[in-house]
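I have placed the structure first, in the form of structure tokens, so that the comments after it can refer back to it.
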Amino acid sequence: MFGRLLLLLATFVSLALPLRAQDLSALARYEPDRSAITQQGRQTEITLGLSQPVIYRVFLLAAPYRLVVDFREVNFGTNAPRDLLGGTDAITNLRWGAFRPGWSRMVAQLNGPVRLVSSEERTDDATEIRIKLEPVPVEKFAPRKGAADSALWDLPQPAQVPNAHRRQDGSRPLVVVLDPGHGGIDPGAEDGGAHEADIVLGFARQLRDQLRRAGMTVVMTRDQDVFVPLETRVTVARAAGADLFLSLHADSIAEGQASGSTIYRLADHAEDEATRKLVARHDRDDILAGVDLDGQGDQVAHVLVDLARRETQPRSVRLSQVLAGAIKGAGLHMHKHPVQGADFSVLKSPDIPSVLIELGFLSSPADRKRLQDPDWRARMAEAITRGVETWAQSDAAEAKLLRQ
Ligand SMILES: [Zn+2]
């Protein structure tokens with residue numbers, strides 16, 4: 001409702017401004033009236049109307065088949081990608097939004113292998129990006145062509161095999177990595193006008209300040225409304241030399257009436273159907289955001305990872321229990337199963353104790369209200385800080401014992 005009002009207001013303002021002032025705007029705007037996806041014979045044509053020319057690139061990815069278009073930042077406003085769908089069944093899903101600072105991305109999920117017939121940017125009287133696709137047999141599919149042809153594109157580095165990291169023993173400030181889930185092209189859960197990506201970022205900033213006041217060093221995997229692939233979140237934690245990793249979420253669960261904070265630690269698989277769906281959705285969000293999962297799964301790396309994880313896992317379990325205790329102790333509402341195991345990708349750091357906190361569920365009206373209540377947020381940040389302190393003390397004591 002509010003978004004619609006803003007949009008109307010924006011339209012009104014831009015009509016009222018002289019043309020010259022619009023030209024000075026640095027950001028290209030997406031123009032829905034000049035955009036379409038159509039089917040012409042065997043070919044699918046995507047036309048994107050823009051207010052001014054942008055640098056862009058197009059490439060294809062496999063598993064699942066996707067078309068990715070990266071642009072110099074485009075303002076998509078409140079236009080929904082789904083409004084472009086429907087003209088063809090060659091494209092089954094569409095997403096767009098901020099990808100990293102200064103860059104935007106559009107990802108179209110395809111119903112089979114295609115070839116890029118052409119892609120061009122027309123700038124005659126108005127700017128238009130036109131992309132033509134055509135189905136091809138699997139063996140003719142050429143993924144990633146065009147993906148790495150320019151140094152302009154600062155794309156995520158693949159994760160490294162773990163460095164040796166000295167376990168914390170209380171002799172230096174604790175390094176905490178906070179990971180606000182989702183962001184940019186991936187808004188996360190949306191319910192009752194609230195967006196998970198915004199809520200968890202706001203809370204993470206608050207928690208960061210609280211942890212710093214307690215003397216800890218805090219690094220965030222994102223501090224803006226920007227997309228960060230799951231794998232990069234783990235890489236950021238390793239690069240920061242994290243002693244622990246807290247991923248922050250506020251998802252929606254369709255089934256049952258999930259409410260209350262829940263702490264997840266890594267397990268081989270989720271314990272119930274709702275959690276399985278939650279894990280699958282987070283991995284799917286990454287795929288829809290155009291992350292290329294090809295080339296993962298190196299055997300040697302896996303063996304090293306398993307060895308390191310054997311030592312880290314009990315520490316993550318304790319972290320999840322201590323945090324749940326601290327949140328409960330502060331009188332904050334918890335899920336009926338407050339500590340659960342699940343195979344979330346961001347929890348797979350082999351050598352960093354990691355948990356994922358569902359602060360609450362956006363699908364629960366009571367949780368949604370709490371998540372937006374400053375008093376509740378302050379108490380939650382305080383409880384998590386106490387929990388981290390308690391865990392760090394016992395973890396450091398154990399480290400000293402092991403060294404003797
Ligand atoms: Zn989430």
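If you're wondering about the labels, chains in the structure tokens are A, B, ... by order shown, residues count from 1 in each chain, ligands from 1 in order shown.
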Would you please give, as a list in words, all residues of segment 54-233 of chain A that DSSP assigns to alpha helix (DSSP H) based on the backbone? Glu196, Ala197, Asp198, Ile199, Val200, Leu201, Gly202, Phe203, Ala204, Arg205, Gln206, Leu207, Arg208, Asp209, Gln210, Leu211, Arg212, Arg213, Leu230, Glu231, Thr232 and Arg233 of chain A
For N, CA, C and O atoms, I'd like the residues from the last selection saved as a PDB file, in the first residue's frame.
```pdb
ATOM      1  N   GLU A 196      12.198  -9.654   5.168  1.00  0.00           N
ATOM      2  CA  GLU A 196      13.208 -10.290   6.009  1.00  0.00           C
ATOM      3  C   GLU A 196      14.574  -9.613   5.868  1.00  0.00           C
ATOM      4  O   GLU A 196      15.243  -9.348   6.866  1.00  0.00           O
ATOM      5  N   ALA A 197      14.981  -9.315   4.618  1.00  0.00           N
ATOM      6  CA  ALA A 197      16.316  -8.754   4.385  1.00  0.00           C
ATOM      7  C   ALA A 197      16.516  -7.449   5.160  1.00  0.00           C
ATOM      8  O   ALA A 197      17.587  -7.215   5.726  1.00  0.00           O
ATOM      9  N   ASP A 198      15.491  -6.598   5.208  1.00  0.00           N
ATOM     10  CA  ASP A 198      15.597  -5.318   5.916  1.00  0.00           C
ATOM     11  C   ASP A 198      15.627  -5.519   7.427  1.00  0.00           C
ATOM     12  O   ASP A 198      16.408  -4.897   8.140  1.00  0.00           O
ATOM     13  N   ILE A 199      14.721  -6.379   7.896  1.00  0.00           N
ATOM     14  CA  ILE A 199      14.605  -6.601   9.343  1.00  0.00           C
ATOM     15  C   ILE A 199      15.903  -7.162   9.916  1.00  0.00           C
ATOM     16  O   ILE A 199      16.409  -6.678  10.925  1.00  0.00           O
ATOM     17  N   VAL A 200      16.464  -8.154   9.236  1.00  0.00           N
ATOM     18  CA  VAL A 200      17.667  -8.778   9.805  1.00  0.00           C
ATOM     19  C   VAL A 200      18.884  -7.859   9.682  1.00  0.00           C
ATOM     20  O   VAL A 200      19.763  -7.889  10.535  1.00  0.00           O
ATOM     21  N   LEU A 201      18.908  -6.997   8.649  1.00  0.00           N
ATOM     22  CA  LEU A 201      20.031  -6.051   8.547  1.00  0.00           C
ATOM     23  C   LEU A 201      19.958  -5.025   9.687  1.00  0.00           C
ATOM     24  O   LEU A 201      20.962  -4.737  10.341  1.00  0.00           O
ATOM     25  N   GLY A 202      18.768  -4.497   9.930  1.00  0.00           N
ATOM     26  CA  GLY A 202      18.590  -3.527  11.020  1.00  0.00           C
ATOM     27  C   GLY A 202      18.975  -4.141  12.357  1.00  0.00           C
ATOM     28  O   GLY A 202      19.688  -3.524  13.158  1.00  0.00           O
ATOM     29  N   PHE A 203      18.542  -5.388  12.565  1.00  0.00           N
ATOM     30  CA  PHE A 203      18.856  -6.040  13.835  1.00  0.00           C
ATOM     31  C   PHE A 203      20.357  -6.316  13.944  1.00  0.00           C
ATOM     32  O   PHE A 203      20.954  -6.147  15.017  1.00  0.00           O
ATOM     33  N   ALA A 204      20.975  -6.730  12.840  1.00  0.00           N
ATOM     34  CA  ALA A 204      22.408  -7.047  12.865  1.00  0.00           C
ATOM     35  C   ALA A 204      23.226  -5.815  13.258  1.00  0.00           C
ATOM     36  O   ALA A 204      24.192  -5.913  14.011  1.00  0.00           O
ATOM     37  N   ARG A 205      22.830  -4.638  12.764  1.00  0.00           N
ATOM     38  CA  ARG A 205      23.563  -3.408  13.111  1.00  0.00           C
ATOM     39  C   ARG A 205      23.463  -3.140  14.611  1.00  0.00           C
ATOM     40  O   ARG A 205      24.432  -2.761  15.254  1.00  0.00           O
ATOM     41  N   GLN A 206      22.263  -3.365  15.132  1.00  0.00           N
ATOM     42  CA  GLN A 206      22.030  -3.156  16.556  1.00  0.00           C
ATOM     43  C   GLN A 206      22.875  -4.135  17.388  1.00  0.00           C
ATOM     44  O   GLN A 206      23.527  -3.743  18.358  1.00  0.00           O
ATOM     45  N   LEU A 207      22.864  -5.399  16.963  1.00  0.00           N
ATOM     46  CA  LEU A 207      23.621  -6.424  17.671  1.00  0.00           C
ATOM     47  C   LEU A 207      25.126  -6.150  17.568  1.00  0.00           C
ATOM     48  O   LEU A 207      25.867  -6.327  18.533  1.00  0.00           O
ATOM     49  N   ARG A 208      25.554  -5.690  16.383  1.00  0.00           N
ATOM     50  CA  ARG A 208      26.969  -5.353  16.206  1.00  0.00           C
ATOM     51  C   ARG A 208      27.403  -4.321  17.251  1.00  0.00           C
ATOM     52  O   ARG A 208      28.435  -4.478  17.907  1.00  0.00           O
ATOM     53  N   ASP A 209      26.609  -3.266  17.422  1.00  0.00           N
ATOM     54  CA  ASP A 209      26.968  -2.211  18.373  1.00  0.00           C
ATOM     55  C   ASP A 209      27.050  -2.766  19.792  1.00  0.00           C
ATOM     56  O   ASP A 209      27.949  -2.432  20.552  1.00  0.00           O
ATOM     57  N   GLN A 210      26.091  -3.628  20.098  1.00  0.00           N
ATOM     58  CA  GLN A 210      26.037  -4.228  21.439  1.00  0.00           C
ATOM     59  C   GLN A 210      27.268  -5.114  21.698  1.00  0.00           C
ATOM     60  O   GLN A 210      27.881  -5.039  22.753  1.00  0.00           O
ATOM     61  N   LEU A 211      27.626  -5.926  20.714  1.00  0.00           N
ATOM     62  CA  LEU A 211      28.786  -6.818  20.861  1.00  0.00           C
ATOM     63  C   LEU A 211      30.072  -6.006  20.974  1.00  0.00           C
ATOM     64  O   LEU A 211      30.973  -6.348  21.746  1.00  0.00           O
ATOM     65  N   ARG A 212      30.140  -4.906  20.229  1.00  0.00           N
ATOM     66  CA  ARG A 212      31.340  -4.057  20.295  1.00  0.00           C
ATOM     67  C   ARG A 212      31.470  -3.428  21.674  1.00  0.00           C
ATOM     68  O   ARG A 212      32.568  -3.329  22.210  1.00  0.00           O
ATOM     69  N   ARG A 213      30.322  -3.004  22.203  1.00  0.00           N
ATOM     70  CA  ARG A 213      30.352  -2.428  23.554  1.00  0.00           C
ATOM     71  C   ARG A 213      30.861  -3.450  24.568  1.00  0.00           C
ATOM     72  O   ARG A 213      31.461  -3.095  25.565  1.00  0.00           O
ATOM     73  N   LEU A 230      25.679 -17.355  -0.673  1.00  0.00           N
ATOM     74  CA  LEU A 230      25.873 -18.125   0.568  1.00  0.00           C
ATOM     75  C   LEU A 230      27.345 -18.497   0.746  1.00  0.00           C
ATOM     76  O   LEU A 230      27.900 -18.397   1.831  1.00  0.00           O
ATOM     77  N   GLU A 231      27.958 -18.919  -0.353  1.00  0.00           N
ATOM     78  CA  GLU A 231      29.354 -19.347  -0.274  1.00  0.00           C
ATOM     79  C   GLU A 231      30.259 -18.187   0.152  1.00  0.00           C
ATOM     80  O   GLU A 231      31.202 -18.365   0.921  1.00  0.00           O
ATOM     81  N   THR A 232      29.961 -16.989  -0.348  1.00  0.00           N
ATOM     82  CA  THR A 232      30.774 -15.821  -0.003  1.00  0.00           C
ATOM     83  C   THR A 232      30.636 -15.471   1.475  1.00  0.00           C
ATOM     84  O   THR A 232      31.585 -15.020   2.110  1.00  0.00           O
ATOM     85  N   ARG A 233      29.464 -15.699   2.031  1.00  0.00           N
ATOM     86  CA  ARG A 233      29.253 -15.400   3.461  1.00  0.00           C
ATOM     87  C   ARG A 233      30.217 -16.222   4.305  1.00  0.00           C
ATOM     88  O   ARG A 233      30.796 -15.745   5.272  1.00  0.00           O
TER      89      ARG A 233
END
```
Once you count only C-alpha atoms and all ligand atoms, which residues end up within 12 Å of ligand 1, and could you hand them over as a PyMOL selection string? chain A and resi 179-183+186-190+195-201+230+247-253+275+277-286+344-346+356-363
As a PyMOL selection string, list the residues of segment 317-365 of chain A assigned to strand (DSSP E) by DSSP on the backbone atoms of this structure. chain A and resi 334-342+354-358
Do a neighbour search on Pro314 of chain A at 12 Å with only C-alpha atoms, toss out local chain neighbours closer than 6 positions, and write the hits as a list in words. Arg265, Leu266, Ala267, Ala308, Ser320, Gln321, Pro350, Asp351, Ile352, Pro353, Ser354, Val355, Asp395 and Glu398 of chain A
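For the set A:Val177, A:Val226, A:Ala239, A:Ala378, the residue with the smallest atom-to-atom gap to Trp103 of chain A is A:Val226, counting only C-alpha atoms.
Distances here use only C-alpha atoms; by that measure, the residue among A:Ser394, A:Gln43, A:Gln404, A:Ser119 closest to Val322 of chain A is A:Ser394.
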Go through A:Glu128, A:Ser349, A:Val74, A:Phe227 and flag the residue nearest Arg310 of chain A, using only C-alpha atoms for the distances. A:Ser349
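Neighbours of Asp268 of chain A closer than or equal to 8 Å, with only C-alpha atoms counted and sequence neighbours fewer than 4 positions away skipped, come out as Gly341, Ala342 and Asp343 of chain A.
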Got time to write the residues from that selection, N, CA and C atoms, as a PDB file, in the first residue's frame?
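Result file follows (selection-v9.pdb):
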```
ATOM      1  N   GLY A 341      18.611 -29.022  14.378  1.00  0.00           N
ATOM      2  CA  GLY A 341      19.676 -29.253  13.413  1.00  0.00           C
ATOM      3  C   GLY A 341      19.142 -29.103  11.999  1.00  0.00           C
ATOM      4  N   ALA A 342      19.940 -28.536  11.108  1.00  0.00           N
ATOM      5  CA  ALA A 342      19.539 -28.415   9.701  1.00  0.00           C
ATOM      6  C   ALA A 342      20.784 -28.198   8.860  1.00  0.00           C
ATOM      7  N   ASP A 343      20.689 -28.530   7.570  1.00  0.00           N
ATOM      8  CA  ASP A 343      21.873 -28.454   6.698  1.00  0.00           C
ATOM      9  C   ASP A 343      21.923 -27.145   5.906  1.00  0.00           C
TER      10      ASP A 343
END
```
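With distances restricted to only C-alpha atoms, A:Leu178 is the closest residue to Asp223 of chain A from A:Leu178, A:Ala36, A:Ala254, A:Met380.
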If we count only C-alpha atoms and set the cut-off at 10 Å, which residues sit around Asp70 of chain A, ignoring sequence neighbours fewer than 2 positions away in its own chain? Please answer as a ChimeraX atom specification. /A:54-59,68,72-74,96-99,103-107,147,153,290
At a cut-off of 9 Å, using only C-alpha atoms, what residues contact segment 384-388 of chain A? Leave out same-chain residues fewer than 3 positions from it and give the result as a VMD selection string. chain A and resid 207 210 to 211 214 244 319 322 to 327 379 to 381 391 to 393
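If only C-alpha atoms are the atoms counted, then among A:Glu134, A:Glu311, A:Asp243, A:Asp225 the closest residue to Leu402 of chain A is A:Glu311.
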As an exercise, work out the distance from atom CA of Leu84 of chain A to atom CA of Leu61 of chain A in Å and give it to one decimal place. 20.8 Å
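Distance annotation: of A:Val69, A:Val114, A:Ile263, A:Val218, the residue with the minimal separation from Lys336 of chain A is A:Ile263; atom set is only C-alpha atoms.
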When you look at Asp33 of chain A with a cut-off of 12 Å (counting only C-alpha atoms), what residues show up, excluding the ones that are within fewer than 4 positions of it in the same chain? I need them as a compact mmCIF listing (two decimals) with N, CA, C and O atoms, in the first residue's frame.
```txt
# COMPACT_ATOMS: atom_id res chain seq x y z
N ARG A 29 16.70 4.03 -14.88
CA ARG A 29 15.44 3.51 -14.35
C ARG A 29 14.86 2.47 -15.31
O ARG A 29 14.91 2.64 -16.54
N ILE A 37 8.30 -9.65 -22.42
CA ILE A 37 8.88 -10.93 -22.82
C ILE A 37 7.89 -11.58 -23.77
O ILE A 37 6.73 -11.77 -23.42
N THR A 47 12.69 -7.76 -23.81
CA THR A 47 12.97 -6.34 -24.05
C THR A 47 12.87 -5.61 -22.72
O THR A 47 11.86 -5.70 -22.04
N LEU A 48 13.94 -4.92 -22.36
CA LEU A 48 13.93 -4.13 -21.13
C LEU A 48 14.08 -2.65 -21.49
O LEU A 48 15.09 -2.25 -22.07
N GLY A 49 13.07 -1.86 -21.19
CA GLY A 49 13.14 -0.42 -21.43
C GLY A 49 13.86 0.25 -20.27
O GLY A 49 13.54 -0.01 -19.12
N LEU A 50 14.85 1.09 -20.59
CA LEU A 50 15.61 1.79 -19.55
C LEU A 50 15.62 3.28 -19.85
O LEU A 50 15.50 3.70 -21.00
N SER A 51 15.79 4.09 -18.80
CA SER A 51 15.77 5.54 -18.98
C SER A 51 17.06 6.07 -19.59
O SER A 51 17.10 7.18 -20.10
N ASN A 79 8.58 -2.21 -9.28
CA ASN A 79 8.04 -3.08 -10.32
C ASN A 79 8.35 -4.54 -10.03
O ASN A 79 9.48 -4.89 -9.72
N ASP A 83 5.38 -9.47 -13.30
CA ASP A 83 4.52 -8.79 -14.27
C ASP A 83 5.00 -8.99 -15.70
O ASP A 83 4.24 -8.79 -16.65
N LEU A 84 6.28 -9.34 -15.86
CA LEU A 84 6.82 -9.56 -17.21
C LEU A 84 6.59 -10.99 -17.68
O LEU A 84 6.72 -11.30 -18.85
N GLU A 128 16.92 0.54 -24.91
CA GLU A 128 16.28 -0.76 -24.78
C GLU A 128 17.34 -1.84 -24.85
O GLU A 128 18.18 -1.81 -25.75
```
Using atom CA of Leu60 of chain A and atom CA of Pro32 of chain A as the two end points, give the distance in Å to one decimal. 23.7 Å
Separating atom CA of Leu332 of chain A from atom CA of Ala242 of chain A, to the nearest tenth of an Å, is a gap of 27.2 Å
